[in-house]
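Dumped target35.pdb below, it's PDB, C-alpha atoms:
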ATOM      1  CA  MET A   1     115.822-161.524 233.941
ATOM      2  CA  PRO A   2     113.888-159.597 231.258
ATOM      3  CA  GLN A   3     114.661-160.531 227.688
ATOM      4  CA  THR A   4     116.004-157.956 225.280
ATOM      5  CA  PRO A   5     113.380-157.282 222.594
ATOM      6  CA  VAL A   6     114.293-158.436 219.089
ATOM      7  CA  HIS A   7     114.139-155.649 216.510
ATOM      8  CA  ARG A   8     113.538-156.900 212.994
ATOM      9  CA  GLN A   9     115.229-154.979 210.240
ATOM     10  CA  LYS A  10     112.713-153.302 207.971
ATOM     11  CA  ILE A  11     112.931-154.451 204.370
ATOM     12  CA  GLN A  12     113.745-151.673 201.925
ATOM     13  CA  ARG A  13     111.239-152.053 199.090
ATOM     14  CA  ARG A  14     112.260-151.155 195.551
ATOM     15  CA  PRO A  15     110.808-150.923 192.039
ATOM     16  CA  VAL A  16     110.798-154.332 190.350
ATOM     17  CA  HIS A  17     109.304-154.807 186.881
ATOM     18  CA  GLY A  18     108.579-158.115 185.181
ATOM     19  CA  VAL A  19     106.750-161.435 185.392
ATOM     20  CA  LEU A  20     107.727-164.275 187.697
ATOM     21  CA  LEU A  21     106.356-167.681 186.741
ATOM     22  CA  LEU A  22     105.911-169.380 190.088
ATOM     23  CA  ASP A  23     105.152-173.062 190.532
ATOM     24  CA  LYS A  24     102.617-172.527 193.309
ATOM     25  CA  PRO A  25     103.115-175.082 196.076
ATOM     26  CA  LEU A  26     100.407-177.220 197.612
ATOM     27  CA  GLY A  27      98.740-175.695 200.660
ATOM     28  CA  LEU A  28      99.387-172.008 200.013
ATOM     29  CA  SER A  29      96.799-169.592 198.725
ATOM     30  CA  SER A  30      97.711-167.569 195.652
ATOM     31  CA  ASN A  31      98.039-164.443 197.786
ATOM     32  CA  GLN A  32     100.308-166.170 200.324
ATOM     33  CA  ALA A  33     102.565-167.329 197.473
ATOM     34  CA  LEU A  34     102.555-163.810 196.007
ATOM     35  CA  GLN A  35     103.515-162.213 199.328
ATOM     36  CA  LYS A  36     106.426-164.629 199.808
ATOM     37  CA  ALA A  37     107.777-163.908 196.319
ATOM     38  CA  LYS A  38     107.234-160.176 196.767
ATOM     39  CA  TRP A  39     109.222-160.283 200.030
ATOM     40  CA  LEU A  40     112.063-162.259 198.428
ATOM     41  CA  LEU A  41     112.357-159.710 195.612
ATOM     42  CA  ARG A  42     111.772-156.707 197.912
ATOM     43  CA  ALA A  43     109.243-155.513 195.338
ATOM     44  CA  ASP A  44     107.068-152.510 196.111
ATOM     45  CA  LYS A  45     104.179-153.447 193.812
ATOM     46  CA  ALA A  46     102.896-156.887 192.795
ATOM     47  CA  GLY A  47      99.782-158.846 191.897
ATOM     48  CA  HIS A  48      98.846-162.325 190.704
ATOM     49  CA  THR A  49      96.882-163.191 187.594
ATOM     50  CA  GLY A  50      94.067-165.400 188.813
ATOM     51  CA  THR A  51      93.514-167.449 191.928
ATOM     52  CA  LEU A  52      94.640-171.032 192.349
ATOM     53  CA  ASP A  53      93.075-172.902 195.267
ATOM     54  CA  PRO A  54      95.393-174.015 198.127
ATOM     55  CA  LEU A  55      94.805-177.574 196.859
ATOM     56  CA  ALA A  56      96.179-176.648 193.427
ATOM     57  CA  THR A  57      99.768-176.399 192.207
ATOM     58  CA  GLY A  58     101.316-175.148 188.994
ATOM     59  CA  VAL A  59     101.662-172.044 186.876
ATOM     60  CA  LEU A  60     100.952-168.828 188.771
ATOM     61  CA  PRO A  61     102.204-165.763 186.872
ATOM     62  CA  LEU A  62     103.114-163.006 189.329
ATOM     63  CA  CYS A  63     103.279-159.480 187.943
ATOM     64  CA  PHE A  64     105.632-156.897 189.412
ATOM     65  CA  GLY A  65     105.620-153.153 188.881
ATOM     66  CA  ALA A  66     104.693-152.148 185.323
ATOM     67  CA  ALA A  67     103.623-155.717 184.541
ATOM     68  CA  THR A  68     100.551-155.312 186.776
ATOM     69  CA  LYS A  69      99.098-153.009 184.098
ATOM     70  CA  PHE A  70      98.759-155.978 181.736
ATOM     71  CA  SER A  71      97.674-158.688 184.193
ATOM     72  CA  GLN A  72      94.069-158.648 182.960
ATOM     73  CA  LEU A  73      95.236-160.342 179.754
ATOM     74  CA  GLN A  74      96.284-163.358 181.818
ATOM     75  CA  LEU A  75      93.020-163.338 183.761
ATOM     76  CA  ASP A  76      91.182-163.592 180.430
ATOM     77  CA  ALA A  77      93.518-166.223 178.937
ATOM     78  CA  ASP A  78      92.698-169.857 178.181
ATOM     79  CA  LYS A  79      94.204-172.347 180.608
ATOM     80  CA  THR A  80      95.178-176.024 180.779
ATOM     81  CA  TYR A  81      94.835-178.149 183.909
ATOM     82  CA  GLU A  82      95.615-181.701 184.965
ATOM     83  CA  ALA A  83      93.351-183.160 187.652
ATOM     84  CA  VAL A  84      92.611-186.422 189.409
ATOM     85  CA  LEU A  85      88.952-187.231 190.044
ATOM     86  CA  LEU A  86      88.210-189.566 192.957
ATOM     87  CA  LEU A  87      85.034-191.473 192.063
ATOM     88  CA  GLY A  88      82.306-192.731 194.352
ATOM     89  CA  ALA A  89      82.194-189.865 196.863
ATOM     90  CA  LYS A  90      80.952-186.274 196.855
ATOM     91  CA  THR A  91      82.368-183.757 199.308
ATOM     92  CA  SER A  92      81.105-180.463 200.713
ATOM     93  CA  THR A  93      83.723-178.484 198.761
ATOM     94  CA  ALA A  94      83.897-180.702 195.638
ATOM     95  CA  ASP A  95      87.552-181.415 196.464
ATOM     96  CA  ALA A  96      89.607-183.430 198.940
ATOM     97  CA  GLU A  97      89.572-180.656 201.547
ATOM     98  CA  GLY A  98      85.849-181.050 202.236
ATOM     99  CA  ASP A  99      83.791-183.543 204.228
ATOM    100  CA  VAL A 100      82.295-186.544 202.443
ATOM    101  CA  ILE A 101      78.557-185.919 202.111
ATOM    102  CA  GLU A 102      77.534-188.840 199.859
ATOM    103  CA  THR A 103      78.936-192.155 198.631
ATOM    104  CA  ARG A 104      77.737-194.356 195.767
ATOM    105  CA  PRO A 105      79.029-197.470 193.998
ATOM    106  CA  VAL A 106      81.206-196.910 190.943
ATOM    107  CA  PRO A 107      80.317-198.687 187.690
ATOM    108  CA  PRO A 108      83.053-200.183 185.481
ATOM    109  CA  ILE A 109      85.100-197.431 183.849
ATOM    110  CA  THR A 110      85.429-198.672 180.286
ATOM    111  CA  PRO A 111      87.166-197.019 177.311
ATOM    112  CA  GLU A 112      83.746-196.574 175.723
ATOM    113  CA  LEU A 113      82.454-194.721 178.799
ATOM    114  CA  LEU A 114      85.456-192.403 178.836
ATOM    115  CA  GLU A 115      85.078-191.727 175.126
ATOM    116  CA  ASN A 116      81.413-190.816 175.598
ATOM    117  CA  LEU A 117      82.230-188.569 178.556
ATOM    118  CA  THR A 118      84.954-186.823 176.558
ATOM    119  CA  ARG A 119      82.503-186.019 173.778
ATOM    120  CA  ARG A 120      79.806-184.905 176.227
ATOM    121  CA  PHE A 121      82.052-182.501 178.120
ATOM    122  CA  THR A 122      83.936-180.973 175.179
ATOM    123  CA  GLY A 123      82.727-177.735 173.598
ATOM    124  CA  PRO A 124      80.457-174.970 174.943
ATOM    125  CA  LEU A 125      78.977-175.858 178.330
ATOM    126  CA  SER A 126      76.808-174.268 180.999
ATOM    127  CA  GLN A 127      78.383-174.375 184.468
ATOM    128  CA  VAL A 128      77.046-173.302 187.866
ATOM    129  CA  PRO A 129      79.900-171.827 189.966
ATOM    130  CA  PRO A 130      80.584-173.735 193.201
ATOM    131  CA  MET A 131      79.623-172.301 196.590
ATOM    132  CA  TYR A 132      83.250-172.537 197.674
ATOM    133  CA  SER A 133      84.470-169.823 195.305
ATOM    134  CA  ALA A 134      85.457-166.166 195.493
ATOM    135  CA  LEU A 135      82.566-164.980 193.309
ATOM    136  CA  LYS A 136      80.526-162.259 195.001
ATOM    137  CA  LYS A 137      76.829-162.318 195.840
ATOM    138  CA  ASP A 138      75.383-159.154 197.424
ATOM    139  CA  GLY A 139      78.896-157.970 198.213
ATOM    140  CA  LYS A 140      80.038-161.175 199.927
ATOM    141  CA  ALA A 141      82.163-163.993 198.527
ATOM    142  CA  LEU A 142      80.243-167.226 198.008
ATOM    143  CA  TYR A 143      82.612-169.126 200.294
ATOM    144  CA  GLU A 144      81.532-166.843 203.181
ATOM    145  CA  TYR A 145      77.965-168.134 202.796
ATOM    146  CA  ALA A 146      79.201-171.718 202.355
ATOM    147  CA  ARG A 147      81.216-171.624 205.591
ATOM    148  CA  LYS A 148      78.002-170.721 207.447
ATOM    149  CA  GLY A 149      76.185-173.644 205.846
ATOM    150  CA  GLN A 150      74.170-171.373 203.562
ATOM    151  CA  GLU A 151      73.584-172.016 199.885
ATOM    152  CA  VAL A 152      72.591-169.142 197.626
ATOM    153  CA  GLU A 153      71.298-169.153 194.084
ATOM    154  CA  ARG A 154      73.989-168.823 191.408
ATOM    155  CA  GLU A 155      73.475-168.145 187.738
ATOM    156  CA  ALA A 156      74.932-170.652 185.303
ATOM    157  CA  ARG A 157      77.768-169.304 183.154
ATOM    158  CA  ARG A 158      78.829-170.223 179.655
ATOM    159  CA  ILE A 159      82.295-171.730 179.390
ATOM    160  CA  THR A 160      84.140-173.669 176.704
ATOM    161  CA  ILE A 161      86.152-176.863 177.049
ATOM    162  CA  TYR A 162      88.438-176.799 174.023
ATOM    163  CA  LYS A 163      90.126-180.118 174.699
ATOM    164  CA  LEU A 164      89.528-182.917 177.201
ATOM    165  CA  GLU A 165      91.572-186.065 177.747
ATOM    166  CA  MET A 166      90.487-188.774 180.191
ATOM    167  CA  ALA A 167      92.201-191.950 181.392
ATOM    168  CA  PRO A 168      91.963-194.339 184.376
ATOM    169  CA  ALA A 169      94.270-193.442 187.254
ATOM    170  CA  HIS A 170      95.439-195.009 190.518
ATOM    171  CA  ASP A 171      95.072-193.124 193.789
ATOM    172  CA  PRO A 172      95.277-194.639 197.297
ATOM    173  CA  ARG A 173      92.422-192.435 198.484
ATOM    174  CA  ALA A 174      89.790-194.072 196.279
ATOM    175  CA  PRO A 175      89.188-197.470 194.682
ATOM    176  CA  THR A 176      88.592-195.807 191.308
ATOM    177  CA  ALA A 177      90.049-192.596 189.909
ATOM    178  CA  ILE A 178      90.281-190.794 186.590
ATOM    179  CA  LYS A 179      92.965-188.393 185.386
ATOM    180  CA  ILE A 180      91.759-185.571 183.162
ATOM    181  CA  ILE A 181      93.664-182.924 181.183
ATOM    182  CA  VAL A 182      91.481-179.924 180.338
ATOM    183  CA  THR A 183      92.091-176.919 178.104
ATOM    184  CA  CYS A 184      89.370-174.409 178.854
ATOM    185  CA  SER A 185      88.182-170.813 178.709
ATOM    186  CA  LYS A 186      88.462-168.356 181.571
ATOM    187  CA  GLY A 187      85.995-168.814 184.412
ATOM    188  CA  THR A 188      85.961-172.616 184.212
ATOM    189  CA  TYR A 189      85.832-174.365 187.591
ATOM    190  CA  ILE A 190      87.590-177.724 187.374
ATOM    191  CA  ARG A 191      86.010-178.789 190.693
ATOM    192  CA  THR A 192      82.579-178.270 189.168
ATOM    193  CA  LEU A 193      83.595-180.077 185.986
ATOM    194  CA  GLY A 194      84.766-183.009 188.111
ATOM    195  CA  GLU A 195      81.467-183.093 190.013
ATOM    196  CA  ASP A 196      79.503-182.945 186.753
ATOM    197  CA  ILE A 197      81.540-185.830 185.312
ATOM    198  CA  GLY A 198      80.877-187.834 188.486
ATOM    199  CA  GLU A 199      77.129-187.218 188.153
ATOM    200  CA  ALA A 200      77.242-188.239 184.490
ATOM    201  CA  ILE A 201      78.885-191.525 185.509
ATOM    202  CA  GLY A 202      76.260-191.925 188.254
ATOM    203  CA  CYS A 203      78.603-192.346 191.224
ATOM    204  CA  GLY A 204      79.620-188.828 192.200
ATOM    205  CA  ALA A 205      83.187-187.533 192.313
ATOM    206  CA  HIS A 206      85.449-184.961 193.880
ATOM    207  CA  LEU A 207      88.809-183.468 193.000
ATOM    208  CA  GLY A 208      91.793-185.238 194.530
ATOM    209  CA  ALA A 209      94.512-183.133 192.897
ATOM    210  CA  LEU A 210      94.738-180.165 190.557
ATOM    211  CA  ARG A 211      97.680-178.704 188.662
ATOM    212  CA  ARG A 212      97.696-175.796 186.218
ATOM    213  CA  LEU A 213      99.935-176.773 183.314
ATOM    214  CA  GLU A 214      99.590-173.674 181.131
ATOM    215  CA  THR A 215      98.025-170.236 181.092
ATOM    216  CA  GLY A 216      98.165-167.726 178.264
ATOM    217  CA  GLY A 217     101.256-169.301 176.712
ATOM    218  CA  TYR A 218     103.195-169.722 179.972
ATOM    219  CA  THR A 219     103.882-173.376 180.909
ATOM    220  CA  ASP A 220     104.844-175.159 184.121
ATOM    221  CA  GLY A 221     108.199-176.049 182.565
ATOM    222  CA  GLN A 222     109.127-172.349 182.750
ATOM    223  CA  CYS A 223     108.273-172.015 186.429
ATOM    224  CA  VAL A 224     110.484-171.646 189.486
ATOM    225  CA  SER A 225     109.564-173.059 192.892
ATOM    226  CA  LEU A 226     109.525-171.089 196.128
ATOM    227  CA  PRO A 227     112.286-173.239 197.715
ATOM    228  CA  SER A 228     114.493-172.615 194.669
ATOM    229  CA  LEU A 229     113.762-168.902 194.832
ATOM    230  CA  GLU A 230     114.603-168.818 198.549
ATOM    231  CA  ALA A 231     117.955-170.502 197.906
ATOM    232  CA  MET A 232     118.992-167.863 195.356
ATOM    233  CA  SER A 233     120.751-164.569 195.829
ATOM    234  CA  GLU A 234     118.747-161.446 195.060
ATOM    235  CA  ALA A 235     120.593-161.022 191.758
ATOM    236  CA  GLU A 236     119.748-164.623 190.782
ATOM    237  CA  ARG A 237     116.086-164.054 191.632
ATOM    238  CA  GLU A 238     116.010-161.076 189.282
ATOM    239  CA  THR A 239     117.205-163.280 186.411
ATOM    240  CA  CYS A 240     114.026-165.364 186.838
ATOM    241  CA  LEU A 241     111.872-162.388 185.856
ATOM    242  CA  LEU A 242     110.467-162.376 182.349
ATOM    243  CA  PRO A 243     110.144-158.955 180.693
ATOM    244  CA  VAL A 244     106.883-157.050 181.001
ATOM    245  CA  GLN A 245     106.238-157.425 177.246
ATOM    246  CA  SER A 246     106.020-161.217 177.611
ATOM    247  CA  LEU A 247     102.413-160.612 178.715
ATOM    248  CA  VAL A 248     101.545-159.310 175.223
ATOM    249  CA  ALA A 249     104.019-161.325 173.160
ATOM    250  CA  ALA A 250     101.233-163.094 171.230
ATOM    251  CA  TYR A 251      99.987-159.838 169.685
ATOM    252  CA  PRO A 252     101.270-157.906 166.626
ATOM    253  CA  SER A 253     103.965-155.314 167.275
ATOM    254  CA  VAL A 254     104.506-151.713 166.174
ATOM    255  CA  THR A 255     107.810-149.823 166.444
ATOM    256  CA  LEU A 256     108.014-146.038 166.832
ATOM    257  CA  GLY A 257     110.850-143.584 166.296
ATOM    258  CA  ALA A 258     112.052-141.443 169.203
ATOM    259  CA  ASP A 259     109.742-138.459 168.496
ATOM    260  CA  ASP A 260     106.628-140.574 168.012
ATOM    261  CA  ALA A 261     107.561-142.682 171.060
ATOM    262  CA  GLY A 262     107.710-139.622 173.324
ATOM    263  CA  ARG A 263     104.320-138.381 172.115
ATOM    264  CA  PHE A 264     102.816-141.860 172.357
ATOM    265  CA  LEU A 265     103.962-142.139 175.995
ATOM    266  CA  SER A 266     102.190-138.837 176.649
ATOM    267  CA  GLY A 267      98.948-140.502 175.563
ATOM    268  CA  LEU A 268      98.717-138.917 172.096
ATOM    269  CA  ARG A 269      97.331-140.847 169.141
ATOM    270  CA  ARG A 270      99.693-141.314 166.224
ATOM    271  CA  ARG A 271      98.297-141.001 162.711
ATOM    272  CA  GLY A 272     100.079-143.226 160.205
ATOM    273  CA  SER A 273     100.204-143.492 156.444
ATOM    274  CA  SER A 274      98.139-146.213 154.796
ATOM    275  CA  GLY A 275      98.860-149.488 156.583
ATOM    276  CA  GLN A 276     101.841-148.081 158.511
ATOM    277  CA  TRP A 277     100.666-149.631 161.789
ATOM    278  CA  GLY A 278      99.350-152.767 160.103
ATOM    279  CA  PRO A 279      95.688-153.793 159.835
ATOM    280  CA  ASP A 280      93.079-152.769 162.405
ATOM    281  CA  ALA A 281      93.728-154.665 165.630
ATOM    282  CA  ALA A 282      92.155-154.720 169.090
ATOM    283  CA  LEU A 283      95.597-154.928 170.694
ATOM    284  CA  VAL A 284      99.174-154.417 169.544
ATOM    285  CA  GLN A 285     102.427-154.243 171.509
ATOM    286  CA  VAL A 286     104.321-151.002 170.951
ATOM    287  CA  PHE A 287     108.106-150.547 171.032
ATOM    288  CA  GLY A 288     110.417-147.586 170.755
ATOM    289  CA  THR A 289     113.810-147.474 169.039
ATOM    290  CA  ASP A 290     117.295-146.261 169.988
ATOM    291  CA  PRO A 291     117.425-149.152 170.860
ATOM    292  CA  ALA A 292     114.187-151.200 170.953
ATOM    293  CA  ALA A 293     112.099-151.051 174.139
ATOM    294  CA  PHE A 294     108.572-151.910 175.182
ATOM    295  CA  LEU A 295     106.330-148.859 175.652
ATOM    296  CA  GLY A 296     102.938-150.431 176.242
ATOM    297  CA  SER A 297      99.862-151.537 174.362
ATOM    298  CA  ALA A 298      97.562-149.845 171.873
ATOM    299  CA  HIS A 299      94.885-150.603 169.330
ATOM    300  CA  VAL A 300      94.849-149.740 165.649
ATOM    301  CA  THR A 301      91.784-148.242 163.976
ATOM    302  CA  ALA A 302      91.725-146.634 160.516
ATOM    303  CA  ASP A 303      95.513-146.018 160.472
ATOM    304  CA  GLU A 304      95.491-144.472 163.943
ATOM    305  CA  LEU A 305      97.600-145.933 166.751
ATOM    306  CA  ILE A 306      95.577-145.315 169.913
ATOM    307  CA  PRO A 307      97.393-145.725 173.258
ATOM    308  CA  GLY A 308      96.123-148.299 175.741
ATOM    309  CA  ARG A 309      98.161-149.371 178.783
ATOM    310  CA  LEU A 310     101.424-147.423 178.863
ATOM    311  CA  LEU A 311     104.636-147.639 180.819
ATOM    312  CA  SER A 312     105.345-144.395 182.653
ATOM    313  CA  PRO A 313     108.602-142.555 182.042
ATOM    314  CA  ILE A 314     109.547-143.295 185.679
ATOM    315  CA  GLU A 315     109.026-147.018 185.082
ATOM    316  CA  ILE A 316     111.196-146.774 181.979
ATOM    317  CA  GLN A 317     113.923-145.018 183.936
ATOM    318  CA  ASP A 318     113.694-147.660 186.704
ATOM    319  CA  MET A 319     114.253-150.386 184.140
ATOM    320  CA  LEU A 320     117.082-148.472 182.481
ATOM    321  CA  ALA A 321     118.816-148.333 185.851
ATOM    322  CA  VAL A 322     118.898-152.099 186.367
ATOM    323  CA  ARG A 323     119.481-153.393 182.825
ATOM    324  CA  PRO A 324     122.860-153.816 181.117
ATOM    325  CA  SER A 325     123.729-151.159 178.541
ATOM    326  CA  ASP A 326     123.473-153.632 175.654
ATOM    327  CA  SER A 327     119.950-154.850 176.546
ATOM    328  CA  PRO A 328     116.890-153.825 174.470
ATOM    329  CA  VAL A 329     115.706-150.804 176.472
ATOM    330  CA  PHE A 330     114.057-147.527 175.626
ATOM    331  CA  SER A 331     116.519-144.660 175.305
ATOM    332  CA  SER A 332     116.914-142.115 178.077
ATOM    333  CA  THR A 333     116.422-139.348 175.455
ATOM    334  CA  ALA A 334     112.910-140.533 174.607
ATOM    335  CA  ALA A 335     112.143-141.128 178.284
ATOM    336  CA  SER A 336     113.207-137.583 179.126
ATOM    337  CA  ALA A 337     111.102-136.232 176.249
ATOM    338  CA  ALA A 338     108.055-138.034 177.635
ATOM    339  CA  LEU A 339     108.721-136.622 181.116
ATOM    340  CA  ALA A 340     108.870-133.054 179.808
TER     341      ALA A 340
END
Could the structure of this file be written out as structure tokens, please?
Amino acid sequence: MPQTPVHRQKIQRRPVHGVLLLDKPLGLSSNQALQKAKWLLRADKAGHTGTLDPLATGVLPLCFGAATKFSQLQLDADKTYEAVLLLGAKTSTADAEGDVIETRPVPPITPELLENLTRRFTGPLSQVPPMYSALKKDGKALYEYARKGQEVEREARRITIYKLEMAPAHDPRAPTAIKIIVTCSKGTYIRTLGEDIGEAIGCGAHLGALRRLETGGYTDGQCVSLPSLEAMSEAERETCLLPVQSLVAAYPSVTLGADDAGRFLSGLRRRGSSGQWGPDAALVQVFGTDPAAFLGSAHVTADELIPGRLLSPIEIQDMLAVRPSDSPVFSSTAASAALA
């Protein structure tokens, strides 16, 4: 007897604006985690702010709607990671997912050795990106070459390790392991750092575990897990969203009256009196009044407020529609003026 086909109900997407701090689970790619969260929120537009390997867990800021306009700031932000290095073996991918390609004996890991390694690997460094990475060479990601057994030349890049802590660790996968906590600049590959530390010790090493603890001011203590998100109602999931302006919260702020706010949202520069917008700044967060609401970013040069990334009037109206009347939103009057 033929089976009746199952018709899945199509999800009705909707505008969602804000930042979700996801504790990315082990085994999922950043994009897989993003798509799951996007589906749970029924969001029509979303993006993540920098790839975490499937092996890695921890802070993955997901930007929805208007927040995607400011995601580059997170891509450029400093980050902090915790990792476990398994000593005595190198792998094809520099982490536990690869095949072991070399083993060597491990010397005694003394406090003096760790202290010397900490000094050696703190500060400005030159790092060659790993073959198993998403960097492009002649239009193809490096991992595409690596999967075919090909190795291509990569230029070393300058990175900075701002802080490095090292201590002995216990891991059943290796006789000797080290835990490291690294605060670093953008573009730092912790797998490569682990390999370089292993070479400095003389025994080789690969990454056994990796967790992102902090990125651009967001910490893992603020994160929500996918299982927790799945167990929530849609309304509860929305309460997990941080406001769009949290992406620029570290920068100075400027507040505009209703008339200036409408013109600013139209992309017009605003000339101020001496020091009205504060000192010259490469980036400021801009708010409107009646009551306060985030409008976007700008930079200040010679008493001119010059628009950068702006929320659209439609985005403002979307957010007005879902926020309580007593929340800090931009007034419908100014939004309408900007639409005109």
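Residue selection for this entry, given the PyMOL selection byres ((chain A and resi 213) around 10), comprises A:Asp23, A:Thr57, A:Gly58, A:Val59, A:Leu60, A:Lys79, A:Thr80, A:Tyr81, A:Glu82, A:Ile181, A:Val182, A:Thr183, A:Leu210, A:Arg211, A:Arg212, A:Glu214, A:Thr215, A:Tyr218, A:Thr219, A:Asp220, A:Gly221.
Of the residues listed (A:Ser225, A:Ala235, A:Gly27, A:Pro129), A:Ala235 shows the shortest atom-to-atom separation from Arg42 in chain A; distances use all atoms listed in the file.
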Hey, could you pull the box centre and edge lengths for range 277-284 of chain A, axis-aligned, 8 Å padding per side, all listed atoms, to one decimal in Å, as AutoDock Vina command-line options?
--center_x 96.4 --center_y -152.3 --center_z 165.3 --size_x 24.5 --size_y 21.3 --size_z 26.9
Can you spell out as a PyMOL selection string the set of residues that the PyMOL selection byres ((chain A and resi 229) around 10) selects in the structure I just provided? chain A and resi 22+36-37+40-41+224-228+230-234+236-238+240
Export of the given selection (C-alpha atoms) as a PDB file, in the frame of the given file:
ATOM      1  CA  LEU A  22     105.911-169.380 190.088  1.00  0.00           C
ATOM      2  CA  LYS A  36     106.426-164.629 199.808  1.00  0.00           C
ATOM      3  CA  ALA A  37     107.777-163.908 196.319  1.00  0.00           C
ATOM      4  CA  LEU A  40     112.063-162.259 198.428  1.00  0.00           C
ATOM      5  CA  LEU A  41     112.357-159.710 195.612  1.00  0.00           C
ATOM      6  CA  VAL A 224     110.484-171.646 189.486  1.00  0.00           C
ATOM      7  CA  SER A 225     109.564-173.059 192.892  1.00  0.00           C
ATOM      8  CA  LEU A 226     109.525-171.089 196.128  1.00  0.00           C
ATOM      9  CA  PRO A 227     112.286-173.239 197.715  1.00  0.00           C
ATOM     10  CA  SER A 228     114.493-172.615 194.669  1.00  0.00           C
ATOM     11  CA  GLU A 230     114.603-168.818 198.549  1.00  0.00           C
ATOM     12  CA  ALA A 231     117.955-170.502 197.906  1.00  0.00           C
ATOM     13  CA  MET A 232     118.992-167.863 195.356  1.00  0.00           C
ATOM     14  CA  SER A 233     120.751-164.569 195.829  1.00  0.00           C
ATOM     15  CA  GLU A 234     118.747-161.446 195.060  1.00  0.00           C
ATOM     16  CA  GLU A 236     119.748-164.623 190.782  1.00  0.00           C
ATOM     17  CA  ARG A 237     116.086-164.054 191.632  1.00  0.00           C
ATOM     18  CA  GLU A 238     116.010-161.076 189.282  1.00  0.00           C
ATOM     19  CA  CYS A 240     114.026-165.364 186.838  1.00  0.00           C
TER      20      CYS A 240
END
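Comparing A:Leu268, A:Ser253, A:Asp259, A:Leu117 by their smallest distance to Ala282 in chain A, the closest is A:Ser253 (using all atoms listed in the file).
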Give me, please, the distance in Å between CA of Ala77 in chain A and CA of Ile159 in chain A, quoted to one decimal. 12.5 Å
Of the candidates A:Ala94, A:Val84, A:Ala43, A:Ala89, which shows the shortest atom-to-atom distance to Val106 in chain A, using all atoms listed in the file? A:Ala89
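Applied to this file, the PyMOL selection byres ((chain A and resi 48) around 9) selects the residues Ser30, Asn31, Leu34, Ala46, Gly47, Thr49, Gly50, Thr51, Leu60, Pro61, Leu62, Cys63, Phe64, Thr68 and Ser71 of chain A.
Considering all atoms listed in the file, the residue among A:Tyr143, A:Phe294, A:Tyr189, A:Trp39 positioned nearest to Pro243 in chain A is A:Phe294.
Note that the spacing between CA of Thr176 in chain A and CA of Leu26 in chain A amounts to 22.9 Å.
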If you count all atoms listed in the file, which residues fall within 6 Å of range 303-307 of chain A, apart from same-chain ones fewer than 3 positions away, as an mmCIF file with C-alpha atoms, keeping the file's coordinate frame?
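File part.cif, as written:
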data_model
loop_
_atom_site.group_PDB
_atom_site.id
_atom_site.type_symbol
_atom_site.label_atom_id
_atom_site.label_comp_id
_atom_site.auth_asym_id
_atom_site.auth_seq_id
_atom_site.Cartn_x
_atom_site.Cartn_y
_atom_site.Cartn_z
ATOM 1 C CA GLY A 267 98.948 -140.502 175.563
ATOM 2 C CA ARG A 269 97.331 -140.847 169.141
ATOM 3 C CA ARG A 270 99.693 -141.314 166.224
ATOM 4 C CA ARG A 271 98.297 -141.001 162.711
ATOM 5 C CA GLY A 272 100.079 -143.226 160.205
ATOM 6 C CA ALA A 298 97.562 -149.845 171.873
ATOM 7 C CA HIS A 299 94.885 -150.603 169.330
ATOM 8 C CA VAL A 300 94.849 -149.740 165.649
#
Can you tell me, as a ChimeraX atom specification, what residues are no more than 9 Å from Ile161 in chain A when counting only C-alpha atoms, ignoring any on the same chain fewer than 6 positions away? /A:121-125,182-185,188
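With CA of Ala33 in chain A on one side and CA of Leu20 in chain A on the other, the separation reads 11.5 Å.
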